[in-house]
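Asks: Provided below: coords.txt, containing compact mmCIF, C-alpha atoms.
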# COMPACT_ATOMS: atom_id res chain seq x y z
CA MET A 151 -19.55 10.53 -22.91
CA LEU A 152 -18.80 14.02 -21.67
CA GLY A 153 -22.33 15.30 -22.25
CA HIS A 154 -23.82 14.15 -18.98
CA SER A 155 -21.12 15.65 -16.82
CA GLN A 156 -19.31 18.76 -15.63
CA TRP A 157 -17.65 19.40 -18.97
CA ASN A 158 -18.81 20.91 -22.24
CA SER A 159 -15.87 19.66 -24.29
CA ALA A 160 -12.87 17.36 -24.06
CA ALA A 161 -10.58 20.40 -24.19
CA GLU A 162 -12.29 21.86 -21.14
CA PHE A 163 -11.91 18.52 -19.37
CA PHE A 164 -8.17 18.37 -20.02
CA ALA A 165 -7.67 22.04 -19.12
CA MET A 166 -9.23 21.50 -15.67
CA GLY A 167 -10.01 25.19 -15.37
CA GLY A 168 -6.34 26.10 -15.74
CA TYR A 169 -5.19 23.54 -13.16
CA GLY A 170 -4.54 20.84 -15.78
CA PHE A 171 -0.83 20.48 -15.04
CA TYR A 172 -1.40 20.01 -11.30
CA VAL A 173 -4.49 17.81 -11.51
CA TRP A 174 -3.19 15.56 -14.28
CA GLY A 175 0.29 15.61 -12.82
CA SER A 176 -0.94 14.18 -9.55
CA PHE A 177 -3.21 11.61 -11.23
CA LEU A 178 -0.36 10.60 -13.54
CA ALA A 179 2.10 10.23 -10.64
CA CYS A 180 -0.34 7.86 -8.94
CA ALA A 181 -1.01 5.90 -12.11
CA VAL A 182 2.68 5.46 -12.93
CA LEU A 183 3.77 4.40 -9.44
CA MET A 184 0.72 2.16 -8.99
CA VAL A 185 1.58 0.32 -12.20
CA ILE A 186 5.31 0.00 -11.45
CA GLU A 187 4.87 -1.30 -7.88
CA PRO A 188 2.78 -4.40 -8.71
CA LEU A 189 5.07 -5.17 -11.67
CA MET A 190 8.07 -5.08 -9.31
CA ALA A 191 6.28 -7.33 -6.82
CA ILE A 192 5.41 -9.82 -9.59
CA ALA A 193 9.02 -9.74 -10.83
CA ARG A 194 10.21 -10.51 -7.29
CA GLN A 195 7.84 -13.49 -7.08
CA ARG A 196 9.07 -14.81 -10.45
CA ALA A 197 12.70 -14.32 -9.43
CA ALA A 198 12.05 -16.27 -6.22
CA LEU A 199 10.50 -19.14 -8.21
CA ARG A 200 13.42 -19.16 -10.68
CA GLU A 201 15.92 -19.19 -7.84
CA LEU A 202 14.09 -22.12 -6.24
CA ALA A 203 14.04 -24.08 -9.48
CA ARG A 204 17.78 -23.49 -9.90
CA GLU A 205 18.55 -24.63 -6.36
CA GLN A 206 16.45 -27.73 -6.84
CA LEU A 207 18.15 -28.56 -10.13
CA ALA A 208 21.57 -28.13 -8.53
CA GLU A 209 20.55 -30.44 -5.70
CA GLN A 210 19.32 -33.05 -8.16
CA LEU A 211 22.51 -32.91 -10.24
CA ASN A 212 24.55 -33.21 -7.07
CA LYS A 213 22.67 -36.34 -6.13
CA GLU A 214 23.07 -37.86 -9.60
CA THR A 215 26.83 -37.27 -9.64
CA LYS A 216 27.17 -38.86 -6.24
CA GLU A 217 25.17 -41.90 -7.35
CA SER A 218 27.19 -42.49 -10.51
CA MET B 69 -12.37 -27.87 23.62
CA THR B 70 -12.85 -24.21 24.55
CA THR B 71 -13.59 -21.52 22.01
CA THR B 72 -10.31 -19.75 22.71
CA ASN B 73 -8.40 -22.89 21.96
CA ARG B 74 -10.35 -23.39 18.76
CA LEU B 75 -9.67 -19.77 17.72
CA SER B 76 -5.98 -19.95 18.47
CA GLN B 77 -5.86 -23.20 16.51
CA ILE B 78 -7.40 -21.45 13.50
CA PHE B 79 -4.97 -18.54 13.98
CA TYR B 80 -1.94 -20.80 14.04
CA HIS B 81 -3.26 -22.80 11.10
CA TYR B 82 -3.40 -19.71 8.87
CA ALA B 83 -0.30 -18.22 10.49
CA SER B 84 1.61 -21.04 8.84
CA PRO B 85 3.24 -19.85 5.61
CA ALA B 86 2.48 -23.23 4.02
CA THR B 87 -1.29 -22.71 4.42
CA PHE B 88 -1.23 -18.98 3.77
CA TYR B 89 0.75 -19.11 0.52
CA PRO B 90 -1.98 -20.77 -1.60
CA LEU B 91 -4.72 -18.84 0.22
CA ALA B 92 -3.03 -15.52 -0.61
CA GLY B 93 -2.74 -16.66 -4.23
CA LYS B 94 -6.52 -17.15 -4.37
CA MET B 95 -7.20 -13.80 -2.67
CA ILE B 96 -5.08 -11.63 -5.00
CA PRO B 97 -7.48 -11.64 -8.02
CA VAL B 98 -10.41 -10.75 -5.74
CA PHE B 99 -8.65 -7.63 -4.48
CA VAL B 100 -7.42 -6.69 -7.97
CA VAL B 101 -11.01 -6.78 -9.26
CA LEU B 102 -12.29 -4.81 -6.25
CA ALA B 103 -9.56 -2.17 -6.71
CA ALA B 104 -10.46 -1.82 -10.40
CA LEU B 105 -14.20 -1.52 -9.71
CA PHE B 106 -13.78 1.04 -6.92
CA GLY B 107 -11.22 2.90 -9.04
CA ILE B 108 -13.48 3.16 -12.08
CA ALA B 109 -16.43 4.31 -9.95
CA GLY B 110 -14.29 6.76 -7.97
CA LEU B 111 -12.65 8.28 -11.04
CA TRP B 112 -16.00 8.59 -12.77
CA ILE B 113 -17.54 10.45 -9.85
CA GLY B 114 -14.39 12.45 -9.12
CA LEU B 115 -13.77 13.61 -12.66
CA PHE B 116 -17.23 13.75 -14.24
CA VAL B 117 -19.92 13.99 -11.58
CA ALA B 118 -18.48 15.98 -8.66
CA PRO B 119 -19.13 19.71 -9.04
CA THR B 120 -16.52 22.47 -9.28
CA ASP B 121 -15.31 23.71 -5.89
CA PHE B 122 -16.44 27.26 -5.15
CA GLN B 123 -13.02 28.23 -3.73
CA GLN B 124 -10.47 26.12 -5.57
CA GLY B 125 -12.18 25.64 -8.92
CA GLU B 126 -11.13 22.39 -10.64
CA GLY B 127 -7.81 22.30 -8.77
CA TYR B 128 -9.44 20.65 -5.79
CA ARG B 129 -9.84 17.41 -7.80
CA ILE B 130 -6.36 16.45 -6.62
CA ILE B 131 -8.21 15.52 -3.41
CA PHE B 132 -9.38 12.29 -5.09
CA VAL B 133 -5.81 10.94 -5.09
CA HIS B 134 -4.25 13.02 -2.30
CA VAL B 135 -6.57 12.06 0.56
CA PRO B 136 -6.67 8.31 -0.29
CA SER B 137 -2.87 8.08 -0.51
CA SER B 138 -2.45 10.07 2.73
CA TRP B 139 -4.98 7.91 4.58
CA MET B 140 -3.39 4.71 3.30
CA SER B 141 0.11 5.89 4.23
CA MET B 142 -1.02 6.24 7.86
CA PHE B 143 -3.29 3.19 7.93
CA ILE B 144 -0.70 0.87 6.36
CA TYR B 145 1.83 2.02 8.95
CA CYS B 146 -0.53 1.03 11.78
CA VAL B 147 -1.22 -2.38 10.20
CA MET B 148 2.51 -2.88 9.56
CA ALA B 149 3.38 -2.03 13.17
CA LEU B 150 0.60 -4.34 14.38
CA TRP B 151 1.90 -7.30 12.35
CA ALA B 152 5.47 -6.53 13.38
CA GLY B 153 4.37 -6.38 17.04
CA ILE B 154 2.50 -9.69 16.76
CA GLY B 155 5.57 -11.23 15.15
CA LEU B 156 7.72 -9.90 17.98
CA THR B 157 5.51 -11.10 20.83
CA MET B 158 4.03 -14.32 19.44
CA ASN B 159 7.03 -15.31 17.35
CA THR B 160 4.92 -16.05 14.29
CA ARG B 161 7.06 -15.91 11.13
CA LEU B 162 4.20 -14.97 8.83
CA SER B 163 3.27 -11.85 10.83
CA SER B 164 6.76 -10.44 10.38
CA MET B 165 6.65 -11.30 6.69
CA MET B 166 3.35 -9.40 6.40
CA ALA B 167 4.96 -6.35 8.01
CA GLN B 168 7.88 -6.62 5.60
CA ALA B 169 5.49 -6.93 2.63
CA LEU B 170 3.53 -3.83 3.64
CA ALA B 171 6.48 -1.45 4.08
CA PRO B 172 7.18 -0.67 0.38
CA THR B 173 3.47 -0.09 -0.30
CA GLY B 174 3.29 2.24 2.69
CA ALA B 175 6.36 4.11 1.47
CA LEU B 176 4.75 4.43 -1.97
CA MET B 177 1.56 5.86 -0.44
CA ALA B 178 3.55 8.34 1.66
CA ALA B 179 5.51 9.38 -1.45
CA LEU B 180 2.28 9.83 -3.42
CA SER B 181 0.80 11.85 -0.59
CA LEU B 182 3.83 14.18 -0.66
CA ILE B 183 3.94 14.41 -4.49
CA THR B 184 0.23 15.09 -4.92
CA GLY B 185 0.37 17.45 -1.94
CA ALA B 186 3.16 19.45 -3.57
CA LEU B 187 1.18 19.56 -6.83
CA TRP B 188 -1.78 20.86 -4.86
CA GLY B 189 0.21 23.28 -2.73
CA LYS B 190 1.86 25.05 -5.67
CA PRO B 191 -1.33 26.49 -7.25
CA MET B 192 -3.20 27.03 -3.96
CA TRP B 193 -0.49 28.24 -1.56
CA GLY B 194 2.08 29.38 -4.11
CA THR B 195 4.70 26.90 -2.90
CA TRP B 196 5.55 23.24 -3.47
CA TRP B 197 6.63 22.74 0.11
CA VAL B 198 6.51 24.37 3.54
CA TRP B 199 8.13 23.05 6.71
CA ASP B 200 4.91 22.98 8.66
CA ALA B 201 3.68 20.30 11.04
CA ARG B 202 1.46 18.32 8.67
CA LEU B 203 3.93 18.18 5.79
CA THR B 204 6.96 17.55 7.96
CA SER B 205 5.34 14.74 9.95
CA GLU B 206 4.22 13.07 6.70
CA LEU B 207 7.81 13.33 5.41
CA ILE B 208 8.98 11.70 8.65
CA LEU B 209 6.47 8.90 8.01
CA PHE B 210 8.06 8.36 4.58
CA PHE B 211 11.50 8.20 6.22
CA LEU B 212 10.20 5.74 8.84
CA TYR B 213 9.14 3.38 6.04
CA ILE B 214 12.49 3.78 4.31
CA GLY B 215 14.27 3.29 7.65
CA PHE B 216 12.28 0.12 8.35
CA ILE B 217 13.12 -1.31 4.91
CA ALA B 218 16.80 -0.32 5.15
CA LEU B 219 17.20 -1.64 8.71
CA GLN B 220 15.73 -5.02 7.78
CA ALA B 221 17.83 -5.21 4.64
CA SER B 222 21.00 -4.50 6.61
CA ILE B 223 20.59 -7.47 9.00
CA ASP B 224 21.43 -10.86 7.50
CA ASP B 225 19.57 -13.07 9.95
CA PRO B 226 15.88 -12.69 9.01
CA ARG B 227 14.54 -13.36 12.51
CA ARG B 228 16.81 -10.71 14.02
CA ALA B 229 15.88 -8.34 11.21
CA ASP B 230 12.21 -8.94 12.07
CA LYS B 231 12.83 -8.02 15.70
CA ALA B 232 14.84 -4.88 15.00
CA GLY B 233 12.29 -3.78 12.40
CA ALA B 234 9.41 -4.41 14.80
CA ILE B 235 10.93 -2.18 17.46
CA LEU B 236 11.50 0.62 14.96
CA ALA B 237 7.95 0.23 13.60
CA LEU B 238 6.40 0.26 17.07
CA VAL B 239 8.33 3.32 18.22
CA GLY B 240 7.38 5.11 15.00
CA VAL B 241 3.66 4.65 15.69
CA VAL B 242 3.86 7.80 17.84
CA ASN B 243 4.16 9.77 14.59
CA ILE B 244 0.70 8.72 13.37
CA PRO B 245 -1.41 10.77 15.83
CA ILE B 246 1.05 13.63 15.31
CA ILE B 247 0.30 13.62 11.57
CA TYR B 248 -3.41 13.25 12.12
CA PHE B 249 -3.83 15.97 14.73
CA SER B 250 -1.08 18.28 13.40
CA VAL B 251 -3.67 20.46 11.66
CA THR B 252 -5.45 21.16 14.95
CA TRP B 253 -2.42 21.30 17.26
CA TRP B 254 -0.34 23.73 15.24
CA ASN B 255 -0.95 26.65 12.94
CA THR B 256 -0.59 25.35 9.44
CA LEU B 257 -1.28 26.17 5.84
CA HIS B 258 -2.82 22.73 5.46
CA GLN B 259 -6.60 22.58 5.68
CA GLY B 260 -8.31 20.60 8.44
CA ALA B 261 -9.61 17.04 8.26
CA SER B 262 -11.65 16.36 5.11
CA VAL B 263 -13.97 13.93 6.84
CA SER B 264 -15.05 14.05 10.45
CA LEU B 265 -17.23 11.58 12.30
CA THR B 266 -18.63 14.22 14.62
CA LYS B 267 -19.37 17.03 12.17
CA ALA B 268 -21.55 17.03 9.10
CA PRO B 269 -19.34 16.73 6.00
CA ALA B 270 -18.15 20.11 4.78
CA MET B 271 -18.13 19.05 1.15
CA ALA B 272 -20.70 18.12 -1.45
CA GLN B 273 -22.05 14.58 -1.20
CA THR B 274 -20.67 13.61 -4.60
CA MET B 275 -17.19 14.88 -3.69
CA LEU B 276 -17.30 12.81 -0.51
CA TRP B 277 -18.43 9.72 -2.41
CA GLY B 278 -15.71 10.12 -5.01
CA MET B 279 -13.11 10.42 -2.27
CA LEU B 280 -14.39 7.41 -0.33
CA LEU B 281 -14.53 5.25 -3.47
CA MET B 282 -10.97 6.24 -4.38
CA ALA B 283 -9.89 5.46 -0.81
CA LEU B 284 -11.46 2.00 -1.14
CA CYS B 285 -9.64 1.57 -4.47
CA PHE B 286 -6.27 2.45 -2.88
CA TRP B 287 -7.06 0.15 0.04
CA MET B 288 -7.87 -2.85 -2.17
CA TYR B 289 -4.82 -2.07 -4.31
CA SER B 290 -2.60 -2.06 -1.22
CA ILE B 291 -3.95 -5.44 -0.06
CA ALA B 292 -3.44 -6.95 -3.52
CA VAL B 293 0.17 -5.72 -3.86
CA ALA B 294 1.05 -6.68 -0.27
CA LEU B 295 -0.28 -10.20 -0.92
CA ILE B 296 1.77 -10.52 -4.11
CA ARG B 297 4.85 -9.36 -2.22
CA VAL B 298 4.27 -11.53 0.83
CA ARG B 299 4.16 -14.60 -1.42
CA ALA B 300 7.55 -13.66 -2.84
CA ILE B 301 8.91 -13.11 0.69
CA ILE B 302 7.53 -16.48 1.82
CA LEU B 303 9.32 -18.21 -1.07
CA GLU B 304 12.56 -16.37 -0.38
CA ARG B 305 12.57 -17.16 3.32
CA GLU B 306 11.07 -20.64 3.36
CA ARG B 307 12.98 -22.01 0.40
CA HIS B 308 14.72 -24.74 2.36
CA THR B 309 11.51 -26.14 3.82
CA GLU B 310 9.89 -29.32 2.59
CA TRP B 311 6.57 -27.69 1.70
CA VAL B 312 8.19 -25.22 -0.70
CA LYS B 313 10.03 -28.05 -2.45
CA GLN B 314 6.77 -29.95 -2.80
CA LEU B 315 5.02 -26.81 -4.03
CA LEU B 316 7.60 -26.38 -6.76
CA ALA B 317 7.34 -30.05 -7.77
CA GLY B 318 3.56 -29.64 -7.91
CA GLU B 319 3.81 -26.63 -10.17
CA LYS B 320 6.13 -28.50 -12.51
CA HIS B 321 3.61 -31.33 -12.82
CA ALA B 322 0.85 -28.83 -13.50
CA GLY B 323 2.97 -27.50 -16.37
CA ALA B 324 3.45 -24.08 -14.80
Step by step, read the file and then write its structure as structure tokens.
Replies:
Amino acid sequence: MLGHSQWNSAAEFFAMGGYGFYVWGSFLACAVLMVIEPLMAIARQRAALRELAREQLAEQLNKETKES
Amino acid sequence: MTTTNRLSQIFYHYASPATFYPLAGKMIPVFVVLAALFGIAGLWIGLFVAPTDFQQGEGYRIIFVHVPSSWMSMFIYCVMALWAGIGLTMNTRLSSMMAQALAPTGALMAALSLITGALWGKPMWGTWWVWDARLTSELILFFLYIGFIALQASIDDPRRADKAGAILALVGVVNIPIIYFSVTWWNTLHQGASVSLTKAPAMAQTMLWGMLLMALCFWMYSIAVALIRVRAIILERERHTEWVKQLLAGEKHAGA
């Protein structure tokens, strides 16, 4: 996989010519935040749906108690 | 019927949260797939194909995440201000919701631009941070996003929050050209524009391609996340409307 590229070995790839900490640090920061953000957005969507279901259930129960 | 009427009819049709909610749901997977494809291609070129830089060695590869996040932080701000402005002038609820959905993604991009910039500055300039024009104006952009989010969160009435946020967003637009031209207007440690429409690109073709593919990846990612978030905002703000109640009933029947 590394043969056809800039790198002679995996170690060389990870070392990034001595800049490994900075290069991988910045790629990692992006990866972490760009995984967390969509998860938070999905959680917000689910929370909104749960809240709606709860409100609707409360409304329904209210109606039933009034009827009986 | 005139064309303008027809167009404004289409605009108002899709400006309705009830029509846009399911449409956004269908669009999300498309943008997720596009982001993944552009990301894989961009990372492949950026990490395996693009040659070593003659000045910065391998350290320059931070460009493949730094430039896309910086571009998106500025671009998202413009789109956010545009939606907020449309919401303010045309009184369309969905436009303001779009602006609200974009703000956290813009803040994230500005944060990534600052983080990756610091990680690039340390080995190349010998410092994580300098108070120069480019870095300071990007930091202000981050604060503008945070200010927009905080201002809207502090106002209980959503329509008034939309208006206050829109004014802040529109005033803040002045910062965008300042960021962009800061490297030519002031003396700065920061290098000039990476891509120029008038000059031949100063970098190797493969570097440019890697950067553009990563920028497309970040762009598609931003659209996907903003669409997920706008759906949540629509549900939160439209929860007392009839269409949301029907939507929920429909999902129950579908077993979701």
Asks: Compile the contact shell of Tyr248 in chain B as a list of chain:residue names: residues with an atom at most 12 Å away, counting all atoms listed in the file, same-chain residues fewer than 6 positions apart removed.
Replies: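 Within the cut-off, the hits are B:Ser138, B:Trp139, B:Ser141, B:Met142, B:Phe143, B:Ala201, B:Arg202, B:Leu203, B:Thr204, B:Ser205, B:Glu206, B:Leu209, B:Val241, B:Val242, B:Trp254, B:His258, B:Gln259, B:Gly260, B:Ala261, B:Ser262, B:Val263, B:Ser264.
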Asks: Which chain B residues are at most 6 Å from chain A (counting all atoms listed in the file), as an NGL selection string?
Replies: :B and (116-117 or 126-127 or 130 or 184 or 187 or 293 or 297 or 300 or 304)
Asks: What does the file look like for those residues with C-alpha atoms, as a PDB file, in the coordinates of the input?
Replies:
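Dumped everything to out.pdb:
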ATOM      1  CA  PHE B 116     -17.230  13.750 -14.240  1.00  0.00           C
ATOM      2  CA  VAL B 117     -19.920  13.990 -11.580  1.00  0.00           C
ATOM      3  CA  GLU B 126     -11.130  22.390 -10.640  1.00  0.00           C
ATOM      4  CA  GLY B 127      -7.810  22.300  -8.770  1.00  0.00           C
ATOM      5  CA  ILE B 130      -6.360  16.450  -6.620  1.00  0.00           C
ATOM      6  CA  THR B 184       0.230  15.090  -4.920  1.00  0.00           C
ATOM      7  CA  LEU B 187       1.180  19.560  -6.830  1.00  0.00           C
ATOM      8  CA  VAL B 293       0.170  -5.720  -3.860  1.00  0.00           C
ATOM      9  CA  ARG B 297       4.850  -9.360  -2.220  1.00  0.00           C
ATOM     10  CA  ALA B 300       7.550 -13.660  -2.840  1.00  0.00           C
ATOM     11  CA  GLU B 304      12.560 -16.370  -0.380  1.00  0.00           C
TER      12      GLU B 304
END
Asks: Write out as number ranges by chain which residues come within 9 Å of Ala103 in chain B when counting only C-alpha atoms, dropping same-chain ones fewer than 4 positions away.
Replies: B: 98-99, 107-108, 282, 284-290, 292
Asks: Which one of B:Leu295, B:Leu280, B:Ile78, B:Ala92 sits closest to Met140 in chain B if you count all atoms listed in the file?
Replies: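 Counting all atoms listed in the file, the residue closest to Met140 in chain B is B:Leu280.
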Asks: Quote the spacing between CA of Leu238 in chain B and CA of Ala186 in chain B in Å to one decimal place.
Replies: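 CA of Ala186 in chain B lies at a distance of 28.4 Å from CA of Leu238 in chain B.
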Asks: With all atoms listed in the file as the atoms that count, which of B:Gly110, B:Ala167, B:Leu150, B:Leu176 lies nearest to Val182 in chain A?
Replies: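 Of all the options, B:Leu176 lies closest to Val182 in chain A.
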Asks: From the options B:Ser163, B:Gln124, B:Thr195, B:Thr252, which residue's atoms come nearest to Trp151 in chain B, counting all atoms listed in the file?
Replies: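 That would be B:Ser163, the residue with the smallest distance to Trp151 in chain B.
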Asks: Figure out the distance between CA of Pro226 in chain B and CA of Lys94 in chain B, please, to one decimal in Å.
Replies: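 Separation between CA of Lys94 in chain B and CA of Pro226 in chain B: 26.5 Å.
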Asks: Please provide as a list in words all residues within 8 Å of Ala234 in chain B, with the sequence filter that same-chain residues fewer than 3 positions apart are discarded (counting all atoms listed in the file).
Replies: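 Near Ala234 in chain B, the qualifying residues are Ala149, Ala152, Gly153, Gly155, Leu156, Ser164, Asp230, Lys231, Ala237 and Leu238 of chain B.
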Asks: Please compute the CA of Ala175 in chain B-CA of Ala118 in chain B distance, one decimal, in Å.
Replies: 29.3 Å
Asks: Around the point (-17.6, 12.9, -4.9), in the coordinates given by the file, pick out the residues reaching within 6 Å, counting only C-alpha atoms, and return them as a VMD selection string.
Replies: chain B and resid 113 to 114 118 274 to 279
Asks: Please list as number ranges by chain every residue within 9 Å of Trp196 in chain B, counting only C-alpha atoms and excluding residues in the same chain fewer than 4 positions away.
Replies: B: 185-191
Asks: From the options B:Gln220, B:Thr120, B:Ser76, B:Ser181, which residue's atoms come nearest to Met165 in chain B, counting only C-alpha atoms?
Replies: B:Gln220
Asks: For a quick check of your reading of the model, name the residues lying within 10 Å of the coordinate (8.0, 7.9, -2.1), counting all atoms listed in the file, and write them as a short mmCIF file (atom, residue, chain, number, x, y, z; two decimals) with C-alpha atoms, keeping the file's coordinate frame.
Replies:
data_model
loop_
_atom_site.label_atom_id
_atom_site.label_comp_id
_atom_site.auth_asym_id
_atom_site.auth_seq_id
_atom_site.Cartn_x
_atom_site.Cartn_y
_atom_site.Cartn_z
CA LEU A 183 3.77 4.40 -9.44
CA PRO B 172 7.18 -0.67 0.38
CA THR B 173 3.47 -0.09 -0.30
CA GLY B 174 3.29 2.24 2.69
CA ALA B 175 6.36 4.11 1.47
CA LEU B 176 4.75 4.43 -1.97
CA MET B 177 1.56 5.86 -0.44
CA ALA B 178 3.55 8.34 1.66
CA ALA B 179 5.51 9.38 -1.45
CA LEU B 180 2.28 9.83 -3.42
CA SER B 181 0.80 11.85 -0.59
CA LEU B 182 3.83 14.18 -0.66
CA ILE B 183 3.94 14.41 -4.49
CA LEU B 207 7.81 13.33 5.41
CA PHE B 210 8.06 8.36 4.58
CA PHE B 211 11.50 8.20 6.22
CA TYR B 213 9.14 3.38 6.04
CA ILE B 214 12.49 3.78 4.31
#
Asks: Nearest to Met166 in chain B: which of B:Leu105, B:Ile154, B:Ala317, B:Val251 is it, counting only C-alpha atoms?
Replies: B:Ile154
